[in-house]
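So this one's target_17.pdb, PDB, C-alpha atoms:
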```pdb
ATOM      1  CA  GLN A   1      10.186  14.466  -4.906
ATOM      2  CA  HIS A   2       9.242  16.059  -1.566
ATOM      3  CA  LEU A   3       5.559  15.357  -2.198
ATOM      4  CA  LEU A   4       6.256  11.761  -3.245
ATOM      5  CA  SER A   5       8.344  11.190  -0.120
ATOM      6  CA  TYR A   6       5.583  12.619   2.054
ATOM      7  CA  LEU A   7       2.878  10.433   0.463
ATOM      8  CA  GLN A   8       5.011   7.290   0.691
ATOM      9  CA  SER A   9       5.617   7.932   4.406
ATOM     10  CA  LEU A  10       1.916   7.840   5.308
ATOM     11  CA  PRO A  11       0.587   4.696   7.033
ATOM     12  CA  SER A  12      -1.562   2.019   5.440
ATOM     13  CA  THR A  13      -4.797   0.465   6.652
ATOM     14  CA  SER A  14      -6.908  -2.482   5.564
ATOM     15  CA  TYR A  15      -9.978  -1.930   3.408
ATOM     16  CA  SER A  16     -13.239  -1.287   5.233
ATOM     17  CA  SER A  17     -16.733  -0.816   3.832
ATOM     18  CA  SER A  18     -17.456   1.668   6.617
ATOM     19  CA  SER A  19     -17.101   5.414   6.214
ATOM     20  CA  SER A  20     -13.900   6.292   4.366
ATOM     21  CA  SER A  21     -13.446   9.361   6.592
ATOM     22  CA  SER A  22     -12.112   7.044   9.302
ATOM     23  CA  ASN A  23      -9.186   6.256   7.002
ATOM     24  CA  SER A  24      -8.405   9.859   6.124
ATOM     25  CA  GLY A  25      -4.657  10.336   5.750
ATOM     26  CA  LYS A  26      -3.964   6.595   5.341
ATOM     27  CA  TRP A  27      -3.367   4.473   2.257
ATOM     28  CA  THR A  28      -6.093   1.871   1.695
ATOM     29  CA  LEU A  29      -5.736  -1.133  -0.618
ATOM     30  CA  LEU A  30      -8.834  -1.696  -2.752
ATOM     31  CA  PRO A  31      -8.837  -5.462  -3.434
ATOM     32  CA  HIS A  32     -11.377  -5.261  -6.264
ATOM     33  CA  ALA A  33      -9.364  -2.585  -8.082
ATOM     34  CA  GLN A  34      -5.820  -3.746  -7.238
ATOM     35  CA  ARG A  35      -4.664  -0.257  -6.348
ATOM     36  CA  ARG A  36      -4.099   1.865  -3.262
ATOM     37  CA  VAL A  37      -6.032   5.052  -2.578
ATOM     38  CA  LEU A  38      -5.394   7.834  -0.101
ATOM     39  CA  LEU A  39      -8.138  10.163   1.112
ATOM     40  CA  ILE A  40      -7.231  13.501   2.674
ATOM     41  CA  ASP A  41     -10.349  15.336   3.798
ATOM     42  CA  ALA A  42     -10.004  18.759   5.404
ATOM     43  CA  VAL A  43     -13.719  18.923   6.196
ATOM     44  CA  SER A  44     -13.586  16.000   8.638
ATOM     45  CA  SER A  45     -10.178  16.855  10.135
ATOM     46  CA  ALA A  46      -9.845  18.437  13.566
ATOM     47  CA  THR A  47      -8.256  21.618  12.179
ATOM     48  CA  HIS A  48     -10.181  21.690   8.850
ATOM     49  CA  ASP A  49      -6.833  22.081   7.102
ATOM     50  CA  LEU A  50      -5.012  19.972   4.554
ATOM     51  CA  PRO A  51      -1.500  18.787   5.565
ATOM     52  CA  LEU A  52       1.222  21.246   4.588
ATOM     53  CA  PRO A  53       2.535  19.709   1.329
ATOM     54  CA  ILE A  54      -1.027  19.231   0.043
ATOM     55  CA  HIS A  55      -2.101  22.651   1.346
ATOM     56  CA  LEU A  56       0.646  24.389  -0.641
ATOM     57  CA  ILE A  57      -0.490  22.688  -3.851
ATOM     58  CA  ALA A  58      -4.169  23.385  -3.112
ATOM     59  CA  THR A  59      -3.368  27.074  -2.595
ATOM     60  CA  LYS A  60      -1.679  27.230  -5.998
ATOM     61  CA  LEU A  61      -4.698  25.529  -7.590
ATOM     62  CA  ALA A  62      -7.315  27.696  -5.868
ATOM     63  CA  PRO A  63      -7.804  30.010  -8.897
ATOM     64  CA  TYR A  64      -9.094  27.039 -10.908
ATOM     65  CA  PHE A  65     -12.018  26.639  -8.501
ATOM     66  CA  PRO A  66     -15.095  28.807  -7.946
ATOM     67  CA  GLU A  67     -14.597  31.059  -4.922
ATOM     68  CA  LYS A  68     -17.341  29.305  -2.931
ATOM     69  CA  TYR A  69     -15.885  25.832  -3.688
ATOM     70  CA  GLN A  70     -12.236  25.947  -2.678
ATOM     71  CA  PRO A  71     -10.236  22.666  -2.640
ATOM     72  CA  ASN A  72     -10.702  20.804   0.658
ATOM     73  CA  HIS A  73     -10.807  17.153  -0.387
ATOM     74  CA  VAL A  74      -8.014  15.161  -2.037
ATOM     75  CA  LEU A  75      -8.160  11.609  -3.376
ATOM     76  CA  ILE A  76      -4.883  10.037  -4.505
ATOM     77  CA  ASN A  77      -4.755   6.881  -6.630
ATOM     78  CA  GLU A  78      -1.586   4.807  -6.900
ATOM     79  CA  TYR A  79      -1.421   2.701 -10.066
ATOM     80  CA  ASP A  80       1.019   0.050 -11.202
ATOM     81  CA  SER A  81       2.457   0.183 -14.713
ATOM     82  CA  THR A  82      -0.631  -1.353 -16.353
ATOM     83  CA  GLY A  83      -3.246  -0.136 -13.891
ATOM     84  CA  GLY A  84      -6.326   1.744 -15.004
ATOM     85  CA  ILE A  85      -9.747   2.907 -13.897
ATOM     86  CA  MET A  86     -13.138   2.191 -15.445
ATOM     87  CA  PRO A  87     -15.330   4.975 -16.903
ATOM     88  CA  HIS A  88     -16.839   6.975 -14.050
ATOM     89  CA  THR A  89     -17.888  10.410 -12.881
ATOM     90  CA  ASP A  90     -16.593  12.088  -9.735
ATOM     91  CA  GLY A  91     -20.010  12.738  -8.197
ATOM     92  CA  PRO A  92     -21.152  15.516  -5.856
ATOM     93  CA  CYS A  93     -18.117  15.508  -3.534
ATOM     94  CA  TYR A  94     -15.959  17.202  -6.156
ATOM     95  CA  TYR A  95     -18.595  19.265  -7.965
ATOM     96  CA  PRO A  96     -18.218  21.529  -9.940
ATOM     97  CA  THR A  97     -14.475  21.213 -10.628
ATOM     98  CA  THR A  98     -11.879  18.445 -10.572
ATOM     99  CA  VAL A  99      -8.134  18.974 -10.875
ATOM    100  CA  THR A 100      -5.907  15.960 -11.605
ATOM    101  CA  LEU A 101      -2.175  16.159 -10.928
ATOM    102  CA  SER A 102       0.048  13.320 -12.210
ATOM    103  CA  ILE A 103       3.335  12.645 -10.428
ATOM    104  CA  GLY A 104       5.914   9.888 -10.255
ATOM    105  CA  GLY A 105       4.743   7.727 -13.128
ATOM    106  CA  GLY A 106       4.677   7.244 -16.867
ATOM    107  CA  ASN A 107       2.465   8.865 -19.471
ATOM    108  CA  VAL A 108      -1.145   7.684 -19.776
ATOM    109  CA  ILE A 109      -4.182   8.685 -21.816
ATOM    110  CA  LEU A 110      -7.187   9.980 -19.891
ATOM    111  CA  ARG A 111     -10.313   9.400 -21.977
ATOM    112  CA  PHE A 112     -13.596  11.301 -21.811
ATOM    113  CA  THR A 113     -16.643   9.482 -23.181
ATOM    114  CA  PRO A 114     -20.221  10.796 -23.400
ATOM    115  CA  ARG A 115     -22.290   9.979 -20.337
ATOM    116  CA  PRO A 116     -25.769   8.802 -21.390
ATOM    117  CA  LEU A 117     -28.623  10.198 -19.288
ATOM    118  CA  ALA A 118     -26.198  12.738 -17.824
ATOM    119  CA  LYS A 119     -28.992  14.838 -16.364
ATOM    120  CA  ASN A 120     -30.603  11.968 -14.444
ATOM    121  CA  ASP A 121     -28.592  11.598 -11.245
ATOM    122  CA  ASP A 122     -30.949   8.895  -9.932
ATOM    123  CA  VAL A 123     -29.236   6.415 -12.252
ATOM    124  CA  ASP A 124     -25.977   4.832 -11.118
ATOM    125  CA  ASP A 125     -22.757   4.924 -13.162
ATOM    126  CA  GLN A 126     -23.080   1.312 -14.335
ATOM    127  CA  GLN A 127     -26.414   2.135 -15.975
ATOM    128  CA  LEU A 128     -25.059   5.422 -17.298
ATOM    129  CA  LEU A 129     -22.510   3.568 -19.419
ATOM    130  CA  GLY A 130     -25.438   2.744 -21.678
ATOM    131  CA  THR A 131     -25.598   0.516 -24.725
ATOM    132  CA  ASN A 132     -22.634  -0.750 -26.721
ATOM    133  CA  GLU A 133     -23.458   1.787 -29.411
ATOM    134  CA  GLN A 134     -23.352   4.605 -26.854
ATOM    135  CA  LYS A 135     -20.071   3.327 -25.423
ATOM    136  CA  GLU A 136     -18.491   3.489 -28.861
ATOM    137  CA  GLN A 137     -19.266   7.171 -29.374
ATOM    138  CA  LYS A 138     -16.068   9.084 -29.925
ATOM    139  CA  GLY A 139     -15.068  11.232 -26.997
ATOM    140  CA  GLU A 140     -12.019  13.291 -26.210
ATOM    141  CA  GLU A 141      -8.686  12.377 -24.652
ATOM    142  CA  VAL A 142      -5.796  14.029 -22.857
ATOM    143  CA  ILE A 143      -2.230  12.829 -22.339
ATOM    144  CA  LEU A 144      -1.296  12.878 -18.658
ATOM    145  CA  GLU A 145       2.458  13.086 -18.221
ATOM    146  CA  GLY A 146       3.762  11.391 -15.098
ATOM    147  CA  ASN A 147       6.375  14.054 -14.501
ATOM    148  CA  GLY A 148       3.860  16.595 -13.244
ATOM    149  CA  SER A 149       1.061  17.325 -15.696
ATOM    150  CA  LEU A 150      -2.162  18.925 -14.512
ATOM    151  CA  ILE A 151      -5.642  18.829 -15.985
ATOM    152  CA  CYS A 152      -8.691  20.738 -14.771
ATOM    153  CA  PHE A 153     -12.163  19.822 -15.975
ATOM    154  CA  ALA A 154     -15.518  21.387 -15.210
ATOM    155  CA  ASN A 155     -18.864  22.278 -16.809
ATOM    156  CA  GLU A 156     -19.979  19.667 -19.391
ATOM    157  CA  PHE A 157     -16.788  17.635 -18.950
ATOM    158  CA  TYR A 158     -17.758  17.206 -15.295
ATOM    159  CA  THR A 159     -21.481  16.573 -15.716
ATOM    160  CA  ASP A 160     -21.889  15.021 -19.173
ATOM    161  CA  TYR A 161     -18.790  12.823 -19.577
ATOM    162  CA  CYS A 162     -17.249   9.793 -17.890
ATOM    163  CA  HIS A 163     -13.457   9.624 -17.679
ATOM    164  CA  SER A 164     -11.232   6.550 -17.625
ATOM    165  CA  ILE A 165      -7.743   5.104 -18.118
ATOM    166  CA  ASP A 166      -7.440   1.818 -20.013
ATOM    167  CA  GLU A 167      -6.351  -1.114 -17.857
ATOM    168  CA  GLY A 168      -3.839  -3.766 -18.880
ATOM    169  CA  VAL A 169      -2.282  -1.629 -21.619
ATOM    170  CA  THR A 170       1.500  -1.355 -21.700
ATOM    171  CA  MET A 171       1.771   1.064 -24.632
ATOM    172  CA  GLU A 172      -0.694   3.010 -26.764
ATOM    173  CA  SER A 173      -0.716   5.918 -29.194
ATOM    174  CA  ALA A 174      -2.576   9.174 -28.792
ATOM    175  CA  ASN A 175      -5.165  10.014 -31.441
ATOM    176  CA  PRO A 176      -4.216  13.402 -32.957
ATOM    177  CA  GLU A 177      -7.843  14.082 -33.921
ATOM    178  CA  ARG A 178      -9.218  13.479 -30.423
ATOM    179  CA  CYS A 179      -6.345  14.380 -28.105
ATOM    180  CA  MET A 180      -6.819  17.924 -26.812
ATOM    181  CA  ASN A 181      -3.171  18.477 -25.870
ATOM    182  CA  TYR A 182      -1.572  16.370 -28.614
ATOM    183  CA  VAL A 183       0.100  19.258 -30.470
ATOM    184  CA  ASP A 184       1.664  20.720 -27.328
ATOM    185  CA  TRP A 185       2.748  17.272 -26.112
ATOM    186  CA  LYS A 186       4.283  16.321 -29.456
ATOM    187  CA  GLU A 187       6.189  19.607 -29.606
ATOM    188  CA  ARG A 188       7.728  18.941 -26.200
ATOM    189  CA  ARG A 189       8.523  15.352 -27.115
ATOM    190  CA  LYS A 190       9.632  15.772 -30.748
ATOM    191  CA  ASN A 191      13.214  14.848 -29.906
ATOM    192  CA  ASP A 192      12.273  11.822 -27.784
ATOM    193  CA  GLY A 193      11.371   9.581 -30.721
ATOM    194  CA  GLY A 194       7.868   8.163 -31.097
ATOM    195  CA  GLU A 195       4.409   9.219 -30.046
ATOM    196  CA  GLU A 196       3.511   6.287 -27.828
ATOM    197  CA  VAL A 197       2.408   6.685 -24.254
ATOM    198  CA  ARG A 198       1.236   4.351 -21.522
TER     199      ARG A 198
END
```

Rewrite the structure from the file as structure tokens, please.
Amino acid sequence: QHLLSYLQSLPSTSYSSSSSSSNSGKWTLLPHAQRRVLLIDAVSSATHDLPLPIHLIATKLAPYFPEKYQPNHVLINEYDSTGGIMPHTDGPCYYPTTVTLSIGGGNVILRFTPRPLAKNDDVDDQQLLGTNEQKEQKGEEVILEGNGSLICFANEFYTDYCHSIDEGVTMESANPERCMNYVDWKERRKNDGGEEVR
């Protein structure tokens, strides 16, 4: 709750196609995506530090990162109840490790799909989505629980897969054969009734 209150207290700014570092620490509405994003970048800040609430979380997460690549860059997405994000990779800014923390929302399914031409970084993400046949290849999925779940992905999941959340979906069911944390999630939720998530 403290973190949510802190994030909600930060100012907003209008979208600009100029460098996003100028909006560091401010919510920005992305008109094309219908969601707000918040960039907090320690590298471009005067003190090279993350603000205290974020710094405390980053310190706890430091063991998940290689020693030479400690967390110094945070991107926060705010979704509405049916919001999503198209298949994408996180690019060089977050290489080689990404940690996703979910707070203040409902459950969603984060999908990992094979990234065609993964080794050719001269090709943009739109081209990397490949043919319809490639898009339909079965990938993996993870349930993100809005009450504070955390997922860390690196190695081939960083370089060879796109990740996405379906848009416009109000309810969906996890696939037990593809969902990497399905058994643990179902055990925690066995008394809640149902296996559906959003």

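Here CA of Leu101 (chain A) stands at a distance of 16.2 Å from CA of Tyr158 (chain A).
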
- Expected selection from the PyMOL selection byres ((chain A and resi 115) around 6), given as a list in words: Pro114, Pro116, Ala118, Asp160, Tyr161 and Cys162 of chain A

- Exactly which residues make up the result of the PyMOL selection byres ((chain A and resi 36) around 8) on this file, given as a PyMOL selection string? chain A and resi 27-30+34-35+37-38+77-79

- Task: Specify as JSON, numbers by chain each residue included when the PyMOL selection byres ((chain A and resi 145) around 8) is applied to this file.
- Result: {"A": [102, 103, 105, 106, 107, 108, 143, 144, 146, 147, 148, 149]}

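Atom pair CA of Ile76 (chain A) / CA of His32 (chain A): separated by 16.7 Å.
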
- Message: If we count only C-alpha atoms and set the cut-off at 10 Å, which residues sit around region 181-185 of chain A, ignoring sequence neighbours fewer than 5 positions away in its own chain? Please answer as JSON, numbers by chain.
- Response: {"A": [141, 142, 143, 144, 145, 174, 175, 176, 190, 195]}

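Excluding Asn72 (chain A) itself and same-chain residues fewer than 5 positions from it, the residues having an atom within 7 Å of it are A:Asp41, A:Ala42, A:Val43, A:Leu50, counting only C-alpha atoms.
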